[in-house]
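Enquirer: Sharing entry-v1.csv below, CSV, C-alpha atoms and all ligand atoms:
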```csv
chain,number,residue,atom,x,y,z
K,1,MET,CA,-37.9,-5.8,11.3
K,2,ILE,CA,-36.4,-7.3,8.2
K,3,SER,CA,-36.8,-5.4,4.9
K,4,CYS,CA,-36.8,-7.8,2.0
K,5,ILE,CA,-37.5,-5.1,-0.6
K,6,PRO,CA,-33.9,-4.9,-2.0
K,7,ARG,CA,-33.7,-8.6,-2.3
K,8,LEU,CA,-37.1,-8.8,-4.1
K,9,ARG,CA,-35.9,-6.2,-6.5
K,10,ARG,CA,-32.7,-8.0,-7.1
K,11,LEU,CA,-34.7,-11.3,-7.7
K,12,ALA,CA,-36.8,-9.4,-10.2
K,13,VAL,CA,-33.7,-8.1,-11.9
K,14,THR,CA,-32.3,-11.7,-12.1
K,15,LEU,CA,-35.5,-12.9,-13.6
K,16,VAL,CA,-35.4,-10.1,-16.2
K,17,VAL,CA,-31.8,-11.0,-17.1
K,18,LEU,CA,-32.7,-14.6,-17.4
K,19,ALA,CA,-35.7,-13.8,-19.5
K,20,VAL,CA,-33.7,-11.6,-21.8
K,21,ALA,CA,-30.9,-14.3,-22.0
K,22,SER,CA,-33.5,-16.9,-23.0
K,23,GLY,CA,-34.8,-14.7,-25.8
K,24,ALA,CA,-38.2,-13.8,-24.2
K,25,SER,CA,-39.4,-10.3,-25.0
K,26,THR,CA,-39.7,-8.0,-22.0
K,27,SER,CA,-40.2,-4.2,-21.6
K,28,MET,CA,-38.7,-4.2,-18.1
K,29,SER,CA,-35.2,-2.8,-17.5
K,30,ALA,CA,-32.8,-4.8,-15.5
K,31,ASN,CA,-31.9,-2.2,-12.9
K,32,ALA,CA,-32.1,-2.9,-9.2
K,33,GLY,CA,-31.3,0.7,-8.3
K,34,THR,CA,-28.2,2.9,-8.1
K,35,VAL,CA,-25.3,3.0,-5.5
K,36,LEU,CA,-22.4,5.4,-5.1
K,37,ILE,CA,-19.3,4.0,-3.5
K,38,THR,CA,-16.2,6.0,-2.3
K,39,GLY,CA,-12.7,4.4,-2.4
K,40,ALA,CA,-14.0,2.0,-5.0
K,41,ASN,CA,-10.6,1.3,-6.7
K,42,ARG,CA,-9.3,-1.4,-4.3
K,43,GLY,CA,-10.0,-3.5,-1.2
K,44,ILE,CA,-13.5,-3.5,0.3
K,45,GLY,CA,-14.7,-0.6,-2.0
K,46,LEU,CA,-13.8,-2.6,-5.2
K,47,GLU,CA,-15.7,-5.6,-3.8
K,48,PHE,CA,-18.8,-3.4,-3.2
K,49,VAL,CA,-18.6,-2.4,-6.8
K,50,ARG,CA,-18.5,-6.1,-7.9
K,51,HIS,CA,-21.3,-7.1,-5.6
K,52,TYR,CA,-23.7,-4.4,-6.5
K,53,ALA,CA,-23.0,-4.6,-10.2
K,54,ASP,CA,-23.6,-8.3,-10.2
K,55,ALA,CA,-26.8,-7.7,-8.4
K,56,GLY,CA,-28.0,-5.5,-11.2
K,57,TYR,CA,-27.4,-2.0,-9.8
K,58,THR,CA,-26.0,1.0,-11.6
K,59,VAL,CA,-22.8,1.7,-9.7
K,60,ILE,CA,-21.2,5.1,-9.5
K,61,ALA,CA,-17.7,4.0,-8.4
K,62,THR,CA,-15.5,6.8,-7.2
K,63,ALA,CA,-11.8,6.9,-6.8
K,64,ARG,CA,-9.4,9.7,-6.1
K,65,ASN,CA,-7.1,8.6,-9.1
K,66,PRO,CA,-9.2,6.9,-11.8
K,67,SER,CA,-6.3,7.0,-14.2
K,68,THR,CA,-4.4,4.5,-12.1
K,69,ALA,CA,-7.5,2.5,-10.9
K,70,ASP,CA,-6.7,-0.5,-13.2
K,71,ASP,CA,-8.8,-3.1,-11.5
K,72,LEU,CA,-11.8,-0.8,-11.3
K,73,ASN,CA,-11.4,0.3,-14.9
K,74,SER,CA,-11.3,-3.3,-16.1
K,75,LEU,CA,-14.5,-4.0,-14.2
K,76,ALA,CA,-16.1,-0.9,-15.8
K,77,ALA,CA,-14.9,-1.9,-19.3
K,78,ALA,CA,-16.8,-5.3,-18.9
K,79,ASN,CA,-19.9,-3.8,-17.3
K,80,LYS,CA,-21.6,-0.7,-18.8
K,81,SER,CA,-23.5,-0.1,-15.5
K,82,ILE,CA,-20.3,0.8,-13.7
K,83,HIS,CA,-19.5,4.5,-14.0
K,84,VAL,CA,-16.0,5.5,-12.8
K,85,GLU,CA,-15.8,9.0,-11.3
K,86,GLU,CA,-13.0,11.0,-9.7
K,87,LEU,CA,-13.6,11.8,-6.0
K,88,ASP,CA,-11.2,12.6,-3.2
K,89,VAL,CA,-13.4,12.7,0.0
K,90,ASN,CA,-11.3,15.7,1.2
K,91,ASP,CA,-12.0,17.8,-1.9
K,92,PHE,CA,-15.2,19.7,-1.3
K,93,ALA,CA,-15.3,21.2,-4.8
K,94,GLU,CA,-15.0,17.7,-6.3
K,95,ILE,CA,-17.8,16.4,-4.0
K,96,ASP,CA,-20.1,19.3,-4.8
K,97,GLY,CA,-19.3,19.0,-8.6
K,98,LEU,CA,-20.2,15.3,-8.6
K,99,ALA,CA,-23.4,15.9,-6.7
K,100,GLU,CA,-24.3,18.5,-9.3
K,101,LYS,CA,-23.4,16.2,-12.2
K,102,TYR,CA,-25.8,13.5,-10.8
K,103,GLN,CA,-28.5,16.0,-9.8
K,104,GLY,CA,-31.9,14.3,-10.4
K,105,THR,CA,-30.4,10.8,-10.2
K,106,ALA,CA,-31.8,8.8,-7.3
K,107,ILE,CA,-29.1,7.0,-5.3
K,108,ASP,CA,-30.5,4.1,-3.4
K,109,VAL,CA,-27.4,3.3,-1.3
K,110,LEU,CA,-24.6,5.7,-0.6
K,111,VAL,CA,-21.6,3.7,0.6
K,112,ASN,CA,-19.0,5.8,2.5
K,113,ASN,CA,-16.2,3.3,2.3
K,114,ALA,CA,-12.9,5.3,1.7
K,115,GLY,CA,-10.7,5.4,4.8
K,116,ILE,CA,-7.1,5.5,6.0
K,117,THR,CA,-5.4,4.4,9.3
K,118,GLY,CA,-2.4,6.8,9.3
K,119,ARG,CA,1.0,5.3,9.9
K,120,PRO,CA,1.3,3.7,13.4
K,121,GLU,CA,4.7,5.4,14.1
K,122,ARG,CA,3.0,8.8,13.7
K,123,GLN,CA,0.4,8.0,16.4
K,124,ARG,CA,2.8,7.2,19.3
K,125,PHE,CA,2.1,9.2,22.3
K,126,GLY,CA,5.1,11.5,23.0
K,127,THR,CA,5.9,11.9,19.2
K,128,ILE,CA,2.5,12.5,17.8
K,129,ASP,CA,2.3,13.9,14.3
K,130,TYR,CA,-0.6,16.2,14.3
K,131,ALA,CA,-0.8,16.7,10.5
K,132,THR,CA,-1.4,13.0,10.2
K,133,PHE,CA,-4.1,13.2,12.9
K,134,ALA,CA,-5.8,16.0,11.0
K,135,SER,CA,-5.7,14.0,7.8
K,136,VAL,CA,-7.1,10.8,9.3
K,137,MET,CA,-9.9,12.7,11.0
K,138,SER,CA,-10.7,14.6,7.8
K,139,THR,CA,-10.7,11.5,5.5
K,140,ASN,CA,-12.6,9.2,7.9
K,141,ALA,CA,-15.0,11.5,9.7
K,142,GLN,CA,-15.4,14.8,7.8
K,143,GLY,CA,-15.4,13.1,4.4
K,144,PRO,CA,-18.6,10.9,5.1
K,145,LEU,CA,-20.3,13.9,6.6
K,146,LYS,CA,-19.7,16.2,3.6
K,147,ILE,CA,-20.5,13.5,1.1
K,148,THR,CA,-23.8,12.6,2.9
K,149,GLU,CA,-24.7,16.3,3.0
K,150,ALA,CA,-24.0,16.7,-0.7
K,151,PHE,CA,-25.9,13.6,-1.7
K,152,THR,CA,-28.9,13.7,0.7
K,153,ALA,CA,-31.3,14.9,-2.0
K,154,HIS,CA,-30.2,12.0,-4.3
K,155,VAL,CA,-30.7,9.4,-1.6
K,156,ALA,CA,-34.0,10.9,-0.4
K,157,SER,CA,-35.5,10.6,-3.9
K,158,SER,CA,-34.6,6.9,-4.1
K,159,ASP,CA,-36.5,3.7,-3.2
K,160,GLU,CA,-34.1,2.2,-0.7
K,161,LYS,CA,-32.9,5.5,1.0
K,162,LYS,CA,-29.8,4.1,2.7
K,163,VAL,CA,-26.6,5.9,3.8
K,164,ALA,CA,-24.0,3.3,4.8
K,165,VAL,CA,-20.6,4.0,6.5
K,166,VAL,CA,-17.9,1.3,6.6
K,167,THR,CA,-16.9,2.1,10.2
K,168,SER,CA,-14.8,-0.1,12.5
K,169,SER,CA,-15.0,-1.9,15.8
K,170,GLU,CA,-11.9,0.1,16.5
K,171,GLY,CA,-14.2,3.1,16.9
K,172,SER,CA,-15.8,1.5,20.0
K,173,ILE,CA,-14.8,3.5,23.1
K,174,ALA,CA,-15.9,0.6,25.2
K,175,GLY,CA,-13.5,-1.6,23.3
K,176,ALA,CA,-10.4,0.7,23.7
K,177,THR,CA,-8.7,-1.4,26.3
K,178,SER,CA,-5.1,-0.7,25.0
K,179,ASN,CA,-3.3,2.2,23.3
K,180,ARG,CA,-3.4,1.3,19.6
K,181,GLN,CA,-4.0,3.5,16.6
K,182,PRO,CA,-5.5,6.4,18.5
K,183,PHE,CA,-6.0,8.6,15.3
K,184,TYR,CA,-7.9,5.8,13.5
K,185,ARG,CA,-9.9,4.9,16.5
K,186,ALA,CA,-10.9,8.5,17.2
K,187,SER,CA,-11.9,9.0,13.6
K,188,LYS,CA,-14.2,6.0,13.6
K,189,ALA,CA,-15.7,7.0,17.0
K,190,ALA,CA,-16.2,10.5,15.4
K,191,VAL,CA,-17.9,9.2,12.3
K,192,ASN,CA,-20.2,7.1,14.4
K,193,MET,CA,-21.2,10.1,16.5
K,194,ILE,CA,-21.6,12.4,13.5
K,195,MET,CA,-23.7,9.9,11.6
K,196,ARG,CA,-25.8,9.1,14.7
K,197,ASN,CA,-26.4,12.8,15.1
K,198,ILE,CA,-27.4,13.6,11.5
K,199,SER,CA,-29.5,10.4,11.4
K,200,HIS,CA,-32.1,12.3,13.4
K,201,SER,CA,-32.4,14.9,10.5
K,202,LEU,CA,-32.2,12.2,7.8
K,203,LYS,CA,-35.0,10.2,9.5
K,204,ASP,CA,-37.4,13.0,8.6
K,205,GLN,CA,-36.6,12.3,4.9
K,206,GLY,CA,-37.0,8.5,5.4
K,207,ILE,CA,-33.2,7.9,5.1
K,208,VAL,CA,-31.7,5.1,7.1
K,209,VAL,CA,-28.1,5.4,8.3
K,210,VAL,CA,-26.2,2.1,8.6
K,211,LEU,CA,-22.9,2.0,10.6
K,212,VAL,CA,-21.3,-1.3,9.8
K,213,ASN,CA,-18.0,-2.9,10.8
K,214,PRO,CA,-16.5,-5.3,8.2
K,215,GLY,CA,-14.3,-7.2,10.7
K,216,PRO,CA,-10.7,-7.9,9.9
K,217,VAL,CA,-10.5,-8.1,6.1
K,218,ASP,CA,-7.6,-9.0,3.8
K,219,THR,CA,-6.9,-5.7,2.1
K,220,ASP,CA,-3.9,-3.4,1.8
K,221,MET,CA,-5.0,-1.7,5.0
K,222,MET,CA,-4.4,-5.0,6.9
K,223,ALA,CA,-1.1,-5.9,5.1
K,224,ARG,CA,0.9,-5.8,8.3
K,225,ALA,CA,-1.6,-8.2,10.0
K,226,ARG,CA,-1.3,-10.9,7.3
K,227,GLY,CA,-0.1,-14.1,8.9
K,228,ARG,CA,-0.6,-12.7,12.4
K,229,MET,CA,-4.4,-13.0,12.6
K,230,PRO,CA,-7.1,-14.5,10.5
K,231,LEU,CA,-8.4,-12.2,7.9
K,232,ARG,CA,-11.7,-12.5,6.1
K,233,THR,CA,-12.1,-12.2,2.3
K,234,THR,CA,-13.5,-9.1,0.8
K,235,THR,CA,-16.2,-11.2,-0.8
K,236,LEU,CA,-17.5,-12.6,2.5
K,237,ALA,CA,-17.2,-9.2,4.3
K,238,VAL,CA,-19.1,-7.4,1.6
K,239,ASP,CA,-21.8,-10.1,1.3
K,240,GLU,CA,-22.4,-9.8,5.0
K,241,MET,CA,-22.3,-6.0,5.1
K,242,VAL,CA,-24.8,-5.8,2.2
K,243,THR,CA,-27.2,-8.1,4.2
K,244,VAL,CA,-26.9,-5.7,7.2
K,245,ILE,CA,-27.5,-2.7,4.9
K,246,ASP,CA,-30.5,-4.5,3.3
K,247,ASN,CA,-32.0,-5.4,6.7
K,248,ALA,CA,-31.6,-2.0,8.4
K,249,THR,CA,-34.8,0.1,8.9
K,250,LEU,CA,-35.7,3.5,10.1
K,251,ASN,CA,-36.6,1.9,13.5
K,252,ASP,CA,-32.9,1.0,14.0
K,253,THR,CA,-31.2,3.9,12.1
K,254,ALA,CA,-27.6,4.6,13.1
K,255,THR,CA,-27.2,1.4,15.1
K,256,PHE,CA,-23.5,0.4,15.3
K,257,TYR,CA,-23.6,-3.1,13.6
K,258,ASN,CA,-21.0,-5.8,13.3
K,259,PHE,CA,-20.8,-7.6,10.0
K,260,ASP,CA,-23.0,-10.4,11.3
K,261,GLY,CA,-25.8,-8.1,12.2
K,262,THR,CA,-25.1,-8.1,16.0
K,263,VAL,CA,-24.9,-4.7,17.7
K,264,LEU,CA,-21.5,-3.4,18.8
K,265,PRO,CA,-21.1,-1.3,22.0
K,266,TRP,CA,-20.3,2.4,21.5
K,301,LIG,N1,-9.7,-4.0,6.1
K,301,LIG,C1,-10.1,-4.1,7.3
K,301,LIG,O1,-9.8,-5.1,8.1
K,301,LIG,C2,-11.1,-3.1,7.9
K,301,LIG,C3,-11.6,-3.2,9.2
K,301,LIG,C4,-12.4,-2.3,9.7
K,301,LIG,C5,-12.8,-1.2,8.9
K,301,LIG,N2,-12.3,-1.0,7.6
K,301,LIG,C6,-12.7,0.1,6.8
K,301,LIG,O2,-13.1,-0.3,5.6
K,301,LIG,C7,-12.9,0.8,4.6
K,301,LIG,C8,-12.2,0.3,3.4
K,301,LIG,O3,-10.9,-0.2,3.9
K,301,LIG,P1,-10.0,-1.3,3.0
K,301,LIG,O4,-9.6,-2.3,4.0
K,301,LIG,O5,-10.6,-1.6,1.8
K,301,LIG,O6,-8.7,-0.3,2.8
K,301,LIG,P2,-7.7,-0.1,1.6
K,301,LIG,O7,-7.5,-1.4,0.9
K,301,LIG,O8,-6.5,0.6,2.2
K,301,LIG,O9,-8.6,0.9,0.7
K,301,LIG,C9,-8.8,2.2,1.1
K,301,LIG,C10,-9.6,2.9,0.0
K,301,LIG,O10,-9.9,4.2,0.5
K,301,LIG,C11,-9.4,5.1,-0.5
K,301,LIG,N3,-9.1,6.5,0.0
K,301,LIG,C12,-8.2,6.8,1.0
K,301,LIG,N4,-8.2,8.1,1.1
K,301,LIG,C13,-9.1,8.6,0.2
K,301,LIG,C14,-9.5,9.9,-0.1
K,301,LIG,N5,-9.0,11.0,0.5
K,301,LIG,N6,-10.5,10.1,-1.0
K,301,LIG,C15,-11.0,9.0,-1.7
K,301,LIG,N7,-10.6,7.8,-1.4
K,301,LIG,C16,-9.7,7.6,-0.5
K,301,LIG,C17,-8.2,4.5,-1.1
K,301,LIG,O11,-7.9,5.1,-2.4
K,301,LIG,P3,-6.4,5.2,-2.9
K,301,LIG,O12,-6.1,3.9,-3.6
K,301,LIG,O13,-6.4,6.3,-3.8
K,301,LIG,O14,-5.5,5.3,-1.7
K,301,LIG,C18,-8.8,3.1,-1.3
K,301,LIG,O15,-9.6,3.0,-2.4
K,301,LIG,C19,-12.1,1.9,5.4
K,301,LIG,O16,-13.0,2.9,5.8
K,301,LIG,C20,-11.6,1.1,6.6
K,301,LIG,O17,-11.4,2.0,7.7
K,301,LIG,C21,-11.4,-2.0,7.1
```
Represent the structure contained in this file as structure tokens.
Expert:
Amino acid sequence: MISCIPRLRRLAVTLVVLAVASGASTSMSANAGTVLITGANRGIGLEFVRHYADAGYTVIATARNPSTADDLNSLAAANKSIHVEELDVNDFAEIDGLAEKYQGTAIDVLVNNAGITGRPERQRFGTIDYATFASVMSTNAQGPLKITEAFTAHVASSDEKKVAVVTSSEGSIAGATSNRQPFYRASKAAVNMIMRNISHSLKDQGIVVVLVNPGPVDTDMMARARGRMPLRTTTLAVDEMVTVIDNATLNDTATFYNFDGTVLPW
């Protein structure tokens, strides 16, 4: 079933903005809702900030080092609905502190985007670097779990009630037909399993979990792939992922989606 509520709200926001711009008097506020995004300082996360801010959302844009997040800070300087906050997804005190700071704020869409691959040479069987393995698992799988746990009340009190995870087709066990990036693949398979599990508890609160693969996207993460394979723009990837997030319902919670809305095999 296709949910058009977010799009209708955004249309309403656009109409309000146009009305205000044309000088008409209106008592409505131009706010489509609130989103929180992790890893918002570059790549796909930064594009999510642009997208949701343009659509009239209040954006809580988190980055582990806001003082060096120049692109994000420039966006925030030009748009008062973007709030930059410090958040390392491995820092539990920081996560709990931010959840407390925003206690009472409804968060319509929680976007678990931050992620790392771990250096390829540290994942070679025979010379495995286990500290890197722990760090990839912690950032990509434990981080979204802890953040979702900390912000469940905020999402439950919102209109849209969506928890999204930017996962990867690399997390598909069925798709693992060669030995490539085992830490990264394991972490994305793990986050899929964790979110699928907790979706059963979140469903009772009306919260929809969306697992979405952006496809190969031209970001720092894919720097080594530039020129070797076609990479999609962050704009296209985020447009498509937002459509998948918008369309997801409780009936299909925790489905493993590709960017085009098709379903990926576990
Ligand atoms: N690009 C692709 O083709 C592709 C494909 C499939 C899935 N994905 C997924 O898409 C998501 C975004 O990737 P991207 O391509 O935009 O990568 P990216 O350009 O490398 O950006 C990664 C983001 O995650 C942040 N991050 C890393 N560790 C963090 C931590 N401990 N706490 C908070 N933030 C942290 C980084 O912050 P810093 O700047 O501080 O390092 C950065 O903002 C990831 O989950 C990735 O696995 C990407």
Enquirer: Nearest to Pro214 of chain K among K:Ala186, K:Ala131, K:Ala63, K:Ile245, with distances taken over only C-alpha atoms: which residue is it?
Expert: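 The answer is K:Ile245, which sits nearest to Pro214 of chain K.
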Enquirer: So what do you get for atom O16 of ligand LIG 301 (chain K) versus atom CA of Asn140 of chain K, distance-wise?
Expert: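 These atoms are spaced 6.7 Å apart.
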Enquirer: Using only C-alpha atoms, pick whichever of K:Thr152, K:Ser169, K:Ser138, K:Gln205 has the shortest atom-to-atom distance to Asp88 of chain K.
Expert: K:Ser138
Enquirer: Counting all atoms listed in the file, which residues of chain K sit at most 8 Å from some atom of ligand LIG 301 (chain K), and what is each one's closest atom pair with its distance in Å to one decimal, listed by chain and rising residue number, as a tab-separated table?
Expert:
```
residue	atom	partner	partner_atom	distance
K:Thr38	CA	K:LIG301	N7	6.0
K:Gly39	CA	K:LIG301	O15	3.4
K:Ala40	CA	K:LIG301	O15	5.2
K:Asn41	CA	K:LIG301	O15	4.7
K:Arg42	CA	K:LIG301	O15	4.8
K:Gly43	CA	K:LIG301	O5	3.6
K:Ile44	CA	K:LIG301	O5	3.8
K:Gly45	CA	K:LIG301	O5	5.7
K:Leu46	CA	K:LIG301	O15	7.5
K:Thr62	CA	K:LIG301	C15	7.4
K:Ala63	CA	K:LIG301	C15	5.6
K:Arg64	CA	K:LIG301	C15	4.7
K:Asn65	CA	K:LIG301	O13	5.8
K:Ala69	CA	K:LIG301	O12	7.6
K:Leu87	CA	K:LIG301	C15	5.8
K:Asp88	CA	K:LIG301	N6	3.4
K:Val89	CA	K:LIG301	N6	4.0
K:Asn90	CA	K:LIG301	N5	5.3
K:Asp91	CA	K:LIG301	N5	7.8
K:Asn112	CA	K:LIG301	O16	7.4
K:Asn113	CA	K:LIG301	C7	4.7
K:Ala114	CA	K:LIG301	O10	3.4
K:Gly115	CA	K:LIG301	O16	3.5
K:Ile116	CA	K:LIG301	C12	5.3
K:Thr117	CA	K:LIG301	O17	6.7
K:Thr139	CA	K:LIG301	N5	5.3
K:Asn140	CA	K:LIG301	O16	6.7
K:Gly143	CA	K:LIG301	N5	7.8
K:Val165	CA	K:LIG301	O16	7.7
K:Val166	CA	K:LIG301	O2	5.2
K:Thr167	CA	K:LIG301	C5	5.4
K:Ser168	CA	K:LIG301	C5	4.3
K:Ser169	CA	K:LIG301	C4	6.6
K:Glu170	CA	K:LIG301	C4	7.2
K:Tyr184	CA	K:LIG301	O17	7.8
K:Lys188	CA	K:LIG301	O17	7.7
K:Asn213	CA	K:LIG301	C4	5.7
K:Pro214	CA	K:LIG301	C4	5.3
K:Gly215	CA	K:LIG301	C3	5.1
K:Pro216	CA	K:LIG301	O1	3.4
K:Val217	CA	K:LIG301	O1	3.7
K:Asp218	CA	K:LIG301	N1	5.9
K:Thr219	CA	K:LIG301	O7	4.5
K:Asp220	CA	K:LIG301	O7	4.2
K:Met221	CA	K:LIG301	O8	3.9
K:Met222	CA	K:LIG301	N1	5.5
K:Leu231	CA	K:LIG301	O1	7.2
K:Arg232	CA	K:LIG301	O1	7.9
```
Enquirer: Can you tell me how far atom CA of Ala237 of chain K sits from atom CA of Glu47 of chain K, in Å to one decimal?
Expert: 9.0 Å
Enquirer: In Å to one decimal, how far is atom CA of Asn258 of chain K from atom CA of Gly171 of chain K?
Expert: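 Those two atoms sit 11.8 Å apart.
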Enquirer: Could you pull the residues within 10 Å of Asn251 of chain K, counting only C-alpha atoms, minus those fewer than 2 positions along the same chain, as a ChimeraX atom specification?
Expert: /K:1,203,208,248-249,253-255
Enquirer: Need the shell around His83 of chain K: protein/DNA/RNA residues with any atom at most 9 Å away, counting all atoms listed in the file. Skip same-chain ones fewer than 2 positions apart. Format as a list in words?
Expert: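 Close residues of His83 of chain K: Thr58, Val59, Ile60, Ala61, Thr62, Ala76, Asn79, Lys80, Ser81 and Glu85 of chain K.
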Enquirer: Using all atoms listed in the file, find all polymer residues with an atom at most 12 Å away from the point (-27.2, 15.3, 11.1); report them as a CSV table (one decimal) with C-alpha atoms, in the frame of the given file.
Expert:
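To be explicit, this is the file written out as point34.csv:
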```
chain,number,residue,atom,x,y,z
K,144,PRO,CA,-18.6,10.9,5.1
K,145,LEU,CA,-20.3,13.9,6.6
K,146,LYS,CA,-19.7,16.2,3.6
K,148,THR,CA,-23.8,12.6,2.9
K,149,GLU,CA,-24.7,16.3,3.0
K,152,THR,CA,-28.9,13.7,0.7
K,163,VAL,CA,-26.6,5.9,3.8
K,191,VAL,CA,-17.9,9.2,12.3
K,192,ASN,CA,-20.2,7.1,14.4
K,193,MET,CA,-21.2,10.1,16.5
K,194,ILE,CA,-21.6,12.4,13.5
K,195,MET,CA,-23.7,9.9,11.6
K,196,ARG,CA,-25.8,9.1,14.7
K,197,ASN,CA,-26.4,12.8,15.1
K,198,ILE,CA,-27.4,13.6,11.5
K,199,SER,CA,-29.5,10.4,11.4
K,200,HIS,CA,-32.1,12.3,13.4
K,201,SER,CA,-32.4,14.9,10.5
K,202,LEU,CA,-32.2,12.2,7.8
K,203,LYS,CA,-35.0,10.2,9.5
K,204,ASP,CA,-37.4,13.0,8.6
K,205,GLN,CA,-36.6,12.3,4.9
K,207,ILE,CA,-33.2,7.9,5.1
K,208,VAL,CA,-31.7,5.1,7.1
K,209,VAL,CA,-28.1,5.4,8.3
K,254,ALA,CA,-27.6,4.6,13.1
```
Enquirer: Taking all atoms listed in the file into account, name the residue in K:Thr243, K:Thr233, K:Thr177, K:Gln123 that is nearest to Val136 of chain K.
Expert: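 Using all atoms listed in the file, Val136 of chain K sits closest to K:Gln123.
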Enquirer: So, with only C-alpha atoms as the atoms that count, which of K:Ala156, K:Leu72, K:Leu211, K:Leu110 lies closest to Leu36 of chain K?
Expert: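 Among K:Ala156, K:Leu72, K:Leu211, K:Leu110, it is K:Leu110 that comes nearest to Leu36 of chain K.
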